[in-house]
>>> print(open('run.tsv').read())   # TSV, C-alpha atoms
chain	number	residue	atom	x	y	z
A	213	MET	CA	-0.41	9.25	194.90
A	214	ARG	CA	-3.41	11.12	196.40
A	215	TRP	CA	-1.19	14.16	196.74
A	216	LEU	CA	-0.33	14.01	193.05
A	217	GLU	CA	-3.98	13.66	192.10
A	218	SER	CA	-5.14	16.49	194.35
A	219	THR	CA	-2.36	18.98	193.48
A	220	THR	CA	-2.85	20.95	190.29
A	221	PHE	CA	-0.74	23.18	188.06
A	222	LEU	CA	-2.45	25.50	185.58
A	223	GLY	CA	-5.66	23.68	186.35
A	224	ILE	CA	-4.27	20.21	185.57
A	225	GLY	CA	-3.27	17.62	188.13
A	226	LEU	CA	0.39	16.90	188.68
A	227	PHE	CA	-0.30	13.24	187.93
A	228	ASP	CA	-1.55	14.18	184.45
A	229	TRP	CA	1.53	16.34	183.91
A	230	LEU	CA	3.74	13.46	185.03
A	231	PHE	CA	1.95	11.00	182.75
A	232	ALA	CA	2.31	13.38	179.79
A	233	GLY	CA	6.03	13.82	180.52
A	234	VAL	CA	6.60	10.07	180.83
A	235	THR	CA	4.74	9.49	177.56
A	236	ALA	CA	6.84	12.09	175.75
A	237	LEU	CA	10.07	10.64	177.15
A	238	ALA	CA	9.00	7.10	176.26
A	239	VAL	CA	8.24	8.06	172.65
A	240	PHE	CA	11.51	9.98	172.40
A	241	ALA	CA	13.47	7.08	173.87
A	242	VAL	CA	11.91	4.59	171.45
A	243	LEU	CA	12.76	6.81	168.47
A	244	LEU	CA	16.35	7.26	169.66
A	245	LEU	CA	16.68	3.53	170.28
A	246	LEU	CA	15.45	2.72	166.78
A	247	LYS	CA	17.94	5.17	165.33
A	248	ARG	CA	20.91	3.76	167.27
A	249	VAL	CA	19.96	0.14	166.58
A	250	ALA	CA	19.64	0.90	162.87
A	251	VAL	CA	23.02	2.66	162.78
A	252	ARG	CA	24.84	-0.11	164.66
A	253	PHE	CA	23.24	-2.96	162.73
A	254	LEU	CA	23.76	-1.40	159.32
A	255	SER	CA	27.35	-0.37	160.17
A	256	ARG	CA	28.17	-4.05	160.63
A	257	ILE	CA	26.66	-5.31	157.38
A	258	ALA	CA	27.29	-2.32	155.10
A	259	GLY	CA	30.84	-3.37	154.25
A	260	LYS	CA	29.91	-7.01	153.73
A	261	THR	CA	27.29	-6.52	151.02
A	262	ALA	CA	27.64	-5.31	147.44
A	263	THR	CA	24.24	-3.63	147.33
A	264	GLY	CA	23.95	0.06	148.11
A	265	ALA	CA	20.57	-0.16	149.85
A	266	ASP	CA	22.04	-0.73	153.31
A	267	ASP	CA	24.53	2.11	152.77
A	268	LEU	CA	21.67	4.42	151.87
A	269	VAL	CA	19.62	3.46	154.94
A	270	LEU	CA	22.72	3.95	157.11
A	271	GLU	CA	23.17	7.48	155.76
A	272	LEU	CA	19.47	8.21	156.28
A	273	ALA	CA	19.71	7.09	159.89
A	274	GLY	CA	22.83	9.21	160.36
A	275	ARG	CA	21.02	12.32	159.09
A	276	THR	CA	18.10	11.83	161.49
A	277	ARG	CA	18.25	14.84	163.84
A	278	THR	CA	17.62	14.35	167.55
A	279	LEU	CA	15.85	17.71	167.93
A	280	LEU	CA	13.46	16.81	165.12
A	281	LEU	CA	12.59	13.61	167.02
A	282	LEU	CA	12.01	15.54	170.26
A	283	VAL	CA	9.35	17.87	168.84
A	284	PRO	CA	6.83	15.15	167.82
A	285	SER	CA	7.54	13.28	171.06
A	286	VAL	CA	6.53	16.35	173.10
A	287	PHE	CA	3.42	16.73	170.96
A	288	VAL	CA	2.38	13.11	171.55
A	289	GLY	CA	2.85	13.55	175.31
A	290	PHE	CA	0.87	16.81	175.32
A	291	LEU	CA	-2.05	15.10	173.57
A	292	THR	CA	-2.69	13.10	176.75
A	293	LEU	CA	-3.59	16.30	178.63
A	294	SER	CA	-6.53	17.29	176.40
A	295	ALA	CA	-6.09	20.92	177.38
A	296	PHE	CA	-4.75	24.25	176.13
A	297	PRO	CA	-5.98	24.14	172.51
A	298	GLU	CA	-3.73	27.04	171.56
A	299	VAL	CA	-0.60	25.25	172.79
A	300	GLU	CA	-1.74	22.03	171.16
A	301	GLY	CA	-2.19	23.84	167.83
A	302	PHE	CA	1.27	25.38	168.14
A	303	LEU	CA	2.84	21.99	168.88
A	304	ARG	CA	0.94	20.39	166.01
A	305	GLY	CA	2.30	22.99	163.61
A	306	ALA	CA	5.82	22.59	165.02
A	307	THR	CA	5.53	18.81	164.63
A	308	VAL	CA	4.47	19.12	161.00
A	309	LEU	CA	7.41	21.45	160.32
A	310	ALA	CA	9.80	19.07	162.06
A	311	VAL	CA	8.52	16.12	160.04
A	312	LEU	CA	8.77	18.09	156.79
A	313	LEU	CA	12.31	19.17	157.58
A	314	GLN	CA	13.35	15.63	158.46
A	315	VAL	CA	11.78	14.24	155.28
A	316	ALA	CA	13.62	16.92	153.29
A	317	LEU	CA	16.93	15.90	154.89
A	318	TRP	CA	16.27	12.25	154.06
A	319	ALA	CA	15.30	13.08	150.48
A	320	SER	CA	18.40	15.25	150.07
A	321	VAL	CA	20.57	12.38	151.31
A	322	ALA	CA	18.89	10.01	148.85
A	323	ILE	CA	19.49	12.42	145.96
A	324	ASN	CA	23.14	12.96	146.87
A	325	PHE	CA	23.65	9.21	147.34
A	326	TRP	CA	22.20	8.40	143.92
A	327	VAL	CA	24.18	11.16	142.20
A	328	ALA	CA	27.44	10.03	143.85
A	329	ARG	CA	26.93	6.42	142.72
A	330	GLU	CA	25.94	7.49	139.21
A	331	LYS	CA	28.96	9.80	139.00
A	332	ARG	CA	31.35	7.01	140.01
A	333	ARG	CA	29.82	4.73	137.40
A	334	ARG	CA	30.02	7.32	134.65
A	335	LEU	CA	33.65	8.20	135.45
A	336	GLU	CA	34.59	4.86	133.91
A	337	GLN	CA	32.77	5.71	130.67
A	338	ASP	CA	32.57	9.46	130.12
A	339	VAL	CA	34.27	12.08	132.28
A	340	THR	CA	32.15	14.90	130.86
A	341	SER	CA	28.84	13.32	131.78
A	342	ALA	CA	30.19	12.53	135.25
A	343	THR	CA	31.01	16.21	135.75
A	344	LEU	CA	27.79	17.58	134.35
A	345	ILE	CA	25.57	15.19	136.27
A	346	GLY	CA	26.15	17.50	139.25
A	347	ILE	CA	23.70	19.85	137.50
A	348	LEU	CA	20.99	17.25	137.95
A	349	ARG	CA	21.70	17.11	141.69
A	350	PHE	CA	21.34	20.89	141.91
A	351	VAL	CA	18.04	20.86	140.02
A	352	LEU	CA	16.61	18.02	142.12
A	353	ASN	CA	17.59	19.71	145.38
A	354	VAL	CA	16.05	23.02	144.26
A	355	VAL	CA	12.79	21.26	143.40
A	356	LEU	CA	12.82	19.34	146.70
A	357	TRP	CA	13.39	22.34	148.96
A	358	SER	CA	10.90	24.44	146.99
A	359	ILE	CA	8.20	21.86	147.64
A	360	ILE	CA	9.13	21.63	151.33
A	361	LEU	CA	9.08	25.43	151.66
A	362	LEU	CA	5.63	25.67	150.08
A	363	LEU	CA	4.28	22.93	152.35
A	364	ALA	CA	5.77	24.64	155.40
A	365	LEU	CA	4.25	28.01	154.45
A	366	ASP	CA	0.88	26.37	153.85
A	367	ASN	CA	1.09	24.78	157.32
A	368	LEU	CA	1.79	28.21	158.81
A	369	GLY	CA	-1.36	29.59	157.23
A	370	VAL	CA	0.21	31.44	154.30
A	371	ASN	CA	-1.92	31.50	151.13
A	372	VAL	CA	0.50	29.61	148.89
A	373	THR	CA	-1.92	29.66	145.95
A	374	THR	CA	-1.39	33.39	145.47
A	375	LEU	CA	2.34	32.97	146.05
A	376	VAL	CA	2.62	30.16	143.50
A	377	ALA	CA	0.59	32.16	140.97
A	378	GLY	CA	2.91	35.15	141.41
A	379	LEU	CA	5.99	32.98	141.11
A	380	GLY	CA	4.47	31.33	138.06
A	381	VAL	CA	3.98	34.64	136.25
A	382	GLY	CA	7.50	35.75	137.16
A	383	GLY	CA	8.89	32.37	136.17
A	384	ILE	CA	7.23	32.56	132.75
A	385	ALA	CA	8.71	36.01	132.14
A	386	VAL	CA	12.20	34.84	133.11
A	387	ALA	CA	11.85	31.64	131.08
A	388	LEU	CA	10.86	33.61	127.97
A	389	ALA	CA	13.85	35.89	128.42
A	390	ILE	CA	16.36	33.04	128.68
A	391	GLN	CA	14.54	30.33	126.73
A	392	ASN	CA	17.49	29.71	124.40
A	393	ILE	CA	19.86	29.24	127.33
A	394	LEU	CA	17.41	26.96	129.13
A	395	GLY	CA	16.86	24.99	125.92
A	396	ASP	CA	20.59	24.39	125.51
A	397	LEU	CA	20.92	23.49	129.21
A	398	LEU	CA	18.12	20.93	129.01
A	399	ALA	CA	19.62	19.62	125.77
A	400	SER	CA	22.96	19.10	127.54
A	401	LEU	CA	21.18	17.08	130.22
A	402	SER	CA	19.51	15.04	127.49
A	403	ILE	CA	22.89	14.35	125.88
A	404	ILE	CA	24.33	13.31	129.24
A	405	LEU	CA	21.48	10.96	130.14
A	406	ASP	CA	20.58	9.56	126.71
A	407	LYS	CA	24.21	9.55	125.45
A	408	PRO	CA	23.76	9.72	121.66
A	409	PHE	CA	27.51	10.38	121.70
A	410	VAL	CA	30.31	10.87	124.25
A	411	VAL	CA	33.62	12.71	124.23
A	412	GLY	CA	35.97	11.02	121.75
A	413	ASP	CA	33.24	9.77	119.39
A	414	SER	CA	33.45	10.58	115.69
A	415	ILE	CA	30.13	12.00	114.57
A	416	GLY	CA	28.53	13.54	111.50
A	417	VAL	CA	25.99	16.37	111.74
A	418	ASP	CA	24.43	17.50	108.46
A	419	ASP	CA	27.43	18.32	106.23
A	420	PHE	CA	29.94	18.47	109.12
A	421	SER	CA	31.89	15.62	110.68
A	422	GLY	CA	34.64	15.27	113.25
A	423	LYS	CA	35.57	14.07	116.74
A	424	VAL	CA	33.74	15.29	119.86
A	425	GLU	CA	36.15	17.24	122.09
A	426	ASN	CA	33.87	18.71	124.75
A	427	ILE	CA	30.22	18.63	125.84
A	428	GLY	CA	29.38	21.80	127.75
A	429	LEU	CA	26.29	23.30	129.35
A	430	LYS	CA	25.43	25.33	126.25
A	431	THR	CA	27.59	24.05	123.39
A	432	THR	CA	29.31	20.94	122.09
A	433	ARG	CA	32.71	21.32	120.39
A	434	VAL	CA	33.77	19.05	117.54
A	435	ARG	CA	37.20	18.91	115.89
A	436	SER	CA	36.51	18.51	112.17
A	437	VAL	CA	38.48	16.29	109.80
A	438	GLY	CA	39.91	19.49	108.30
A	439	GLY	CA	41.39	20.54	111.65
A	440	GLU	CA	39.10	23.43	112.60
A	441	GLN	CA	36.86	23.38	115.66
A	442	ILE	CA	33.11	23.42	115.04
A	443	VAL	CA	30.85	24.68	117.84
A	444	PHE	CA	27.24	23.44	117.97
A	445	ALA	CA	24.54	24.79	120.28
A	446	ASN	CA	23.22	21.77	122.18
A	447	GLY	CA	19.59	22.55	121.37
A	448	GLU	CA	20.26	22.86	117.64
A	449	LEU	CA	22.50	19.79	117.72
A	450	LEU	CA	19.74	17.52	119.04
A	451	LYS	CA	17.37	18.80	116.35
A	452	SER	CA	19.77	17.54	113.66
A	453	ARG	CA	20.35	14.00	112.44
A	454	ILE	CA	23.50	12.78	114.14
A	455	ARG	CA	25.59	9.98	112.66
A	456	ASN	CA	27.83	8.34	115.26
A	457	TRP	CA	30.61	6.73	113.27
A	458	SER	CA	32.28	5.37	116.42
A	459	ARG	CA	29.39	2.98	117.00
A	460	LEU	CA	29.72	1.22	113.69
A	461	ALA	CA	29.74	-2.57	113.98
A	462	GLU	CA	30.23	-3.40	110.29
A	463	ARG	CA	30.63	-1.57	106.99
A	464	ARG	CA	28.82	-2.73	103.86
A	465	VAL	CA	30.66	-2.37	100.55
A	466	VAL	CA	29.15	-2.55	97.07
A	467	LEU	CA	31.65	-3.28	94.31
A	468	ALA	CA	30.11	-2.43	90.92
A	469	PHE	CA	31.74	-2.33	87.50
A	470	GLY	CA	31.05	-3.05	83.84
A	471	LEU	CA	32.71	-5.05	81.07
A	472	PRO	CA	32.56	-4.28	77.35
A	473	TYR	CA	29.82	-5.94	75.27
A	474	SER	CA	32.58	-7.66	73.33
A	475	THR	CA	33.34	-9.87	76.36
A	476	PRO	CA	32.64	-13.55	75.52
A	477	ALA	CA	29.69	-15.19	77.29
A	478	ALA	CA	31.98	-17.89	78.71
A	479	VAL	CA	34.05	-15.20	80.45
A	480	VAL	CA	30.93	-13.39	81.69
A	481	GLU	CA	29.79	-16.65	83.29
A	482	LYS	CA	33.08	-16.91	85.21
A	483	ILE	CA	33.01	-13.40	86.70
A	484	PRO	CA	30.69	-14.05	89.73
A	485	THR	CA	32.91	-16.97	90.81
A	486	LEU	CA	35.99	-14.82	90.21
A	487	LEU	CA	34.55	-12.13	92.49
A	488	ARG	CA	33.66	-14.63	95.22
A	489	ASN	CA	37.19	-16.05	95.18
A	490	ALA	CA	38.70	-12.55	95.39
A	491	ILE	CA	36.60	-11.66	98.45
A	492	GLU	CA	36.26	-14.84	100.51
A	493	GLY	CA	38.93	-15.98	102.93
A	494	ARG	CA	40.19	-12.54	103.91
A	495	ASP	CA	40.46	-11.48	107.54
A	496	ARG	CA	37.52	-9.34	108.81
A	497	VAL	CA	35.65	-9.74	105.50
A	498	ARG	CA	32.30	-11.51	105.01
A	499	PHE	CA	31.13	-12.27	101.49
A	500	GLU	CA	27.42	-11.68	100.77
A	501	ARG	CA	26.81	-12.09	97.01
A	502	ALA	CA	28.19	-11.60	93.49
A	503	HIS	CA	26.09	-11.42	90.30
A	504	PHE	CA	25.99	-10.51	86.63
A	505	LYS	CA	23.54	-7.71	87.24
A	506	GLY	CA	22.31	-7.09	83.72
A	507	LEU	CA	22.77	-5.35	80.41
A	508	GLY	CA	23.61	-1.72	81.00
A	509	PRO	CA	23.46	1.14	78.48
A	510	ASN	CA	27.18	0.88	77.72
A	511	SER	CA	28.42	-2.27	79.46
A	512	LEU	CA	27.72	-5.68	80.97
A	513	ASP	CA	27.12	-4.78	84.62
A	514	PHE	CA	28.37	-6.81	87.60
A	515	GLU	CA	27.87	-6.26	91.31
A	516	ALA	CA	29.40	-7.83	94.42
A	517	VAL	CA	28.48	-7.08	98.03
A	518	TYR	CA	30.61	-7.83	101.09
A	519	TRP	CA	30.98	-6.63	104.69
A	520	ILE	CA	34.03	-5.37	106.57
A	521	THR	CA	33.39	-6.67	110.10
A	522	THR	CA	35.08	-3.85	112.00
A	523	ALA	CA	34.65	-0.12	112.57
A	524	ASP	CA	38.35	0.52	111.89
A	525	TYR	CA	38.38	2.88	108.91
A	526	GLU	CA	41.99	2.18	107.95
A	527	LEU	CA	41.35	-1.57	107.82
A	528	PHE	CA	38.15	-0.84	105.87
A	529	MET	CA	40.16	0.99	103.18
A	530	ASP	CA	42.92	-1.65	103.19
A	531	ARG	CA	40.47	-4.48	102.49
A	532	GLN	CA	38.78	-2.52	99.69
A	533	GLN	CA	42.16	-1.91	98.10
A	534	GLU	CA	43.20	-5.57	98.37
A	535	ILE	CA	39.93	-6.82	96.89
A	536	GLY	CA	39.90	-4.23	94.10
A	537	LEU	CA	43.46	-5.09	93.03
A	538	ALA	CA	42.70	-8.81	93.17
A	539	VAL	CA	39.66	-8.35	90.92
A	540	LEU	CA	41.68	-6.31	88.40
A	541	ARG	CA	44.39	-8.98	88.26
A	542	ASP	CA	41.84	-11.74	87.74
A	543	LEU	CA	40.12	-9.79	84.98
A	544	GLU	CA	43.47	-9.13	83.36
A	545	GLY	CA	44.14	-12.87	83.48
A	546	GLU	CA	40.89	-13.47	81.61
A	547	GLY	CA	41.96	-10.98	78.96
A	548	VAL	CA	39.19	-8.41	79.53
A	549	GLU	CA	39.27	-4.75	80.46
A	550	VAL	CA	36.89	-2.91	82.78
A	551	ALA	CA	34.56	-0.51	81.04
A	552	ALA	CA	33.81	2.97	82.34
A	553	PRO	CA	32.44	2.56	85.91
A	554	ASN	CA	28.74	3.03	86.53
A	555	ARG	CA	29.18	4.11	90.13
A	556	VAL	CA	31.75	4.34	92.88
A	557	THR	CA	32.17	2.22	95.95
A	558	PHE	CA	30.25	3.38	99.02
A	559	ALA	CA	29.66	2.20	102.57
A	560	GLU	CA	26.47	1.84	104.56
A	561	ILE	CA	26.06	1.60	108.31
A	562	ARG	CA	24.80	-1.33	110.31
A	563	PRO	CA	23.74	-0.28	113.88
A	564	GLN	CA	25.79	-1.52	116.80
A	565	PRO	CA	24.16	-4.70	118.13
A	566	LYS	CA	23.03	-4.47	121.73
A	567	GLY	CA	24.54	-7.14	123.90
>>> encode(input="run.tsv", output="structure tokens")
Amino acid sequence: MRWLESTTFLGIGLFDWLFAGVTALAVFAVLLLLKRVAVRFLSRIAGKTATGADDLVLELAGRTRTLLLLVPSVFVGFLTLSAFPEVEGFLRGATVLAVLLQVALWASVAINFWVAREKRRRLEQDVTSATLIGILRFVLNVVLWSIILLLALDNLGVNVTTLVAGLGVGGIAVALAIQNILGDLLASLSIILDKPFVVGDSIGVDDFSGKVENIGLKTTRVRSVGGEQIVFANGELLKSRIRNWSRLAERRVVLAFGLPYSTPAAVVEKIPTLLRNAIEGRDRVRFERAHFKGLGPNSLDFEAVYWITTADYELFMDRQQEIGLAVLRDLEGEGVEVAAPNRVTFAEIRPQPKG
């Protein structure tokens, strides 16, 4: 022991060197032990739980690099010597870089893990959004590694303020040159995440309507009811009012007609009940009201309102036909004829209820 204390190397006793080495090895061993314990423990429970948190931690532990654990361990051991400021500064910088790199690896794993889970979930609903969500992973990774690079350069003494300012000016110039493309790209991400419509939905945009065939990075393609394909730029599409017919829950129908002024009052009194009987009791139909609306310019006006409780357009038209024919037969049975119509039947939309 006295020999260790009296012998020096580079002006420092061998005992101090030995203590620094033991400290570094102890810290390194503890970090390795924590990593292995975490991997073994989580490997046992990962398959037994439905949550993804343990799977994520297991992947994070697996991406922990041994070399990146060694650098801070050496730095901690060297701190016990209290000598060689230049070497200490070098090790401090190397430790910061190692920590930044390890944090970047962990963050990258977390991003990839989240994107993979989100992609699997979206595959069951919308294949297009599942494919395009990979764009979000690319963007997040670019942002992550850009931040890590700037922090690393700042730690090395590089003036990142000037660098960021230069990149900012260049970025503005590039953004102005491709602003339309970037706008459509961001709009596609908005469509994917917010999902105002998905592939297969029937939508209406301004005076156009049809079924969505494809949602791309720049455009969305819709097959119109006339058969032609309509191509919308994603940015312009989101600026328009979009009607998603596929998310109808119910369709409201207004049945309006008029009878001649020569119709007897006793018959006029029967018409609301006649309308109710023609509407009620039919499958997927809900009666709302039926009234003698008033004295029109050329006729006695009546109005009935009912709901078709399905989004099926064919069934919607079938029920309107059945009810219209039933009303005509009943009116014929009362010996009256329908006057010139005041307006045509139309449908309104009730939003899809959120369950």
>>> atom_distance(input="run.tsv", atom1="CA of Glu448 in chain A", atom2="CA of Phe409 in chain A")
15.0 Å
>>> axis_aligned_box(input="run.tsv", around="range 474-493 of chain A", padding_each_side="8 Å", output="JSON")
{"center_x": 34.3, "center_y": -12.8, "center_z": 88.1, "size_x": 25.2, "size_y": 26.2, "size_z": 45.6}
>>> atom_distance(input="run.tsv", atom1="CA of Ser402 in chain A", atom2="CA of Ala461 in chain A")
24.4 Å
>>> closest_residue(input="run.tsv", among="A:Leu363, A:Leu486, A:Leu394, A:Val354", to="Arg501 in chain A", atoms="all atoms listed in the file")
A:Leu486
>>> atom_distance(input="run.tsv", atom1="CA of Glu481 in chain A", atom2="CA of Thr521 in chain A")
28.8 Å
>>> residues_around(input="run.tsv", residues="range 236-250 of chain A", least_positions_apart="2", cutoff="9 Å", atoms="only C-alpha atoms", output="ChimeraX atom specification")
/A:231-234,252-255,269-270,273-274,276,278,281-290
>>> residues_around(input="run.tsv", residues="Pro484 in chain A", least_positions_apart="6", cutoff="10 Å", atoms="only C-alpha atoms", output="list of chain:residue names")
A:Ala490, A:Arg501, A:Ala502, A:His503, A:Phe504, A:Lys505, A:Phe514, A:Glu515, A:Ala516
>>> residues_around(input="run.tsv", residues="Ile535 in chain A", least_positions_apart="4", cutoff="10 Å", atoms="only C-alpha atoms", output="ChimeraX atom specification")
/A:467,487,489-492,494,530-531,539-541
>>> closest_residue(input="run.tsv", among="A:Leu405, A:Ile442, A:Leu543, A:Leu368", to="Thr485 in chain A", atoms="all atoms listed in the file")
A:Leu543
>>> closest_residue(input="run.tsv", among="A:Ile415, A:Val550, A:Ile427, A:Ala477", to="Leu401 in chain A", atoms="only C-alpha atoms")
A:Ile427
>>> residues_near_point(input="run.tsv", point="(24.0, 17.4, 105.8)", cutoff="10 Å", atoms="all atoms listed in the file", output="list in words")
Gly416, Val417, Asp418, Asp419, Phe420, Ser421, Ser452, Arg453 and Ile454 of chain A
>>> closest_residue(input="run.tsv", among="A:Ile360, A:Pro476, A:Leu291, A:Gly545", to="Leu303 in chain A", atoms="all atoms listed in the file")
A:Leu291
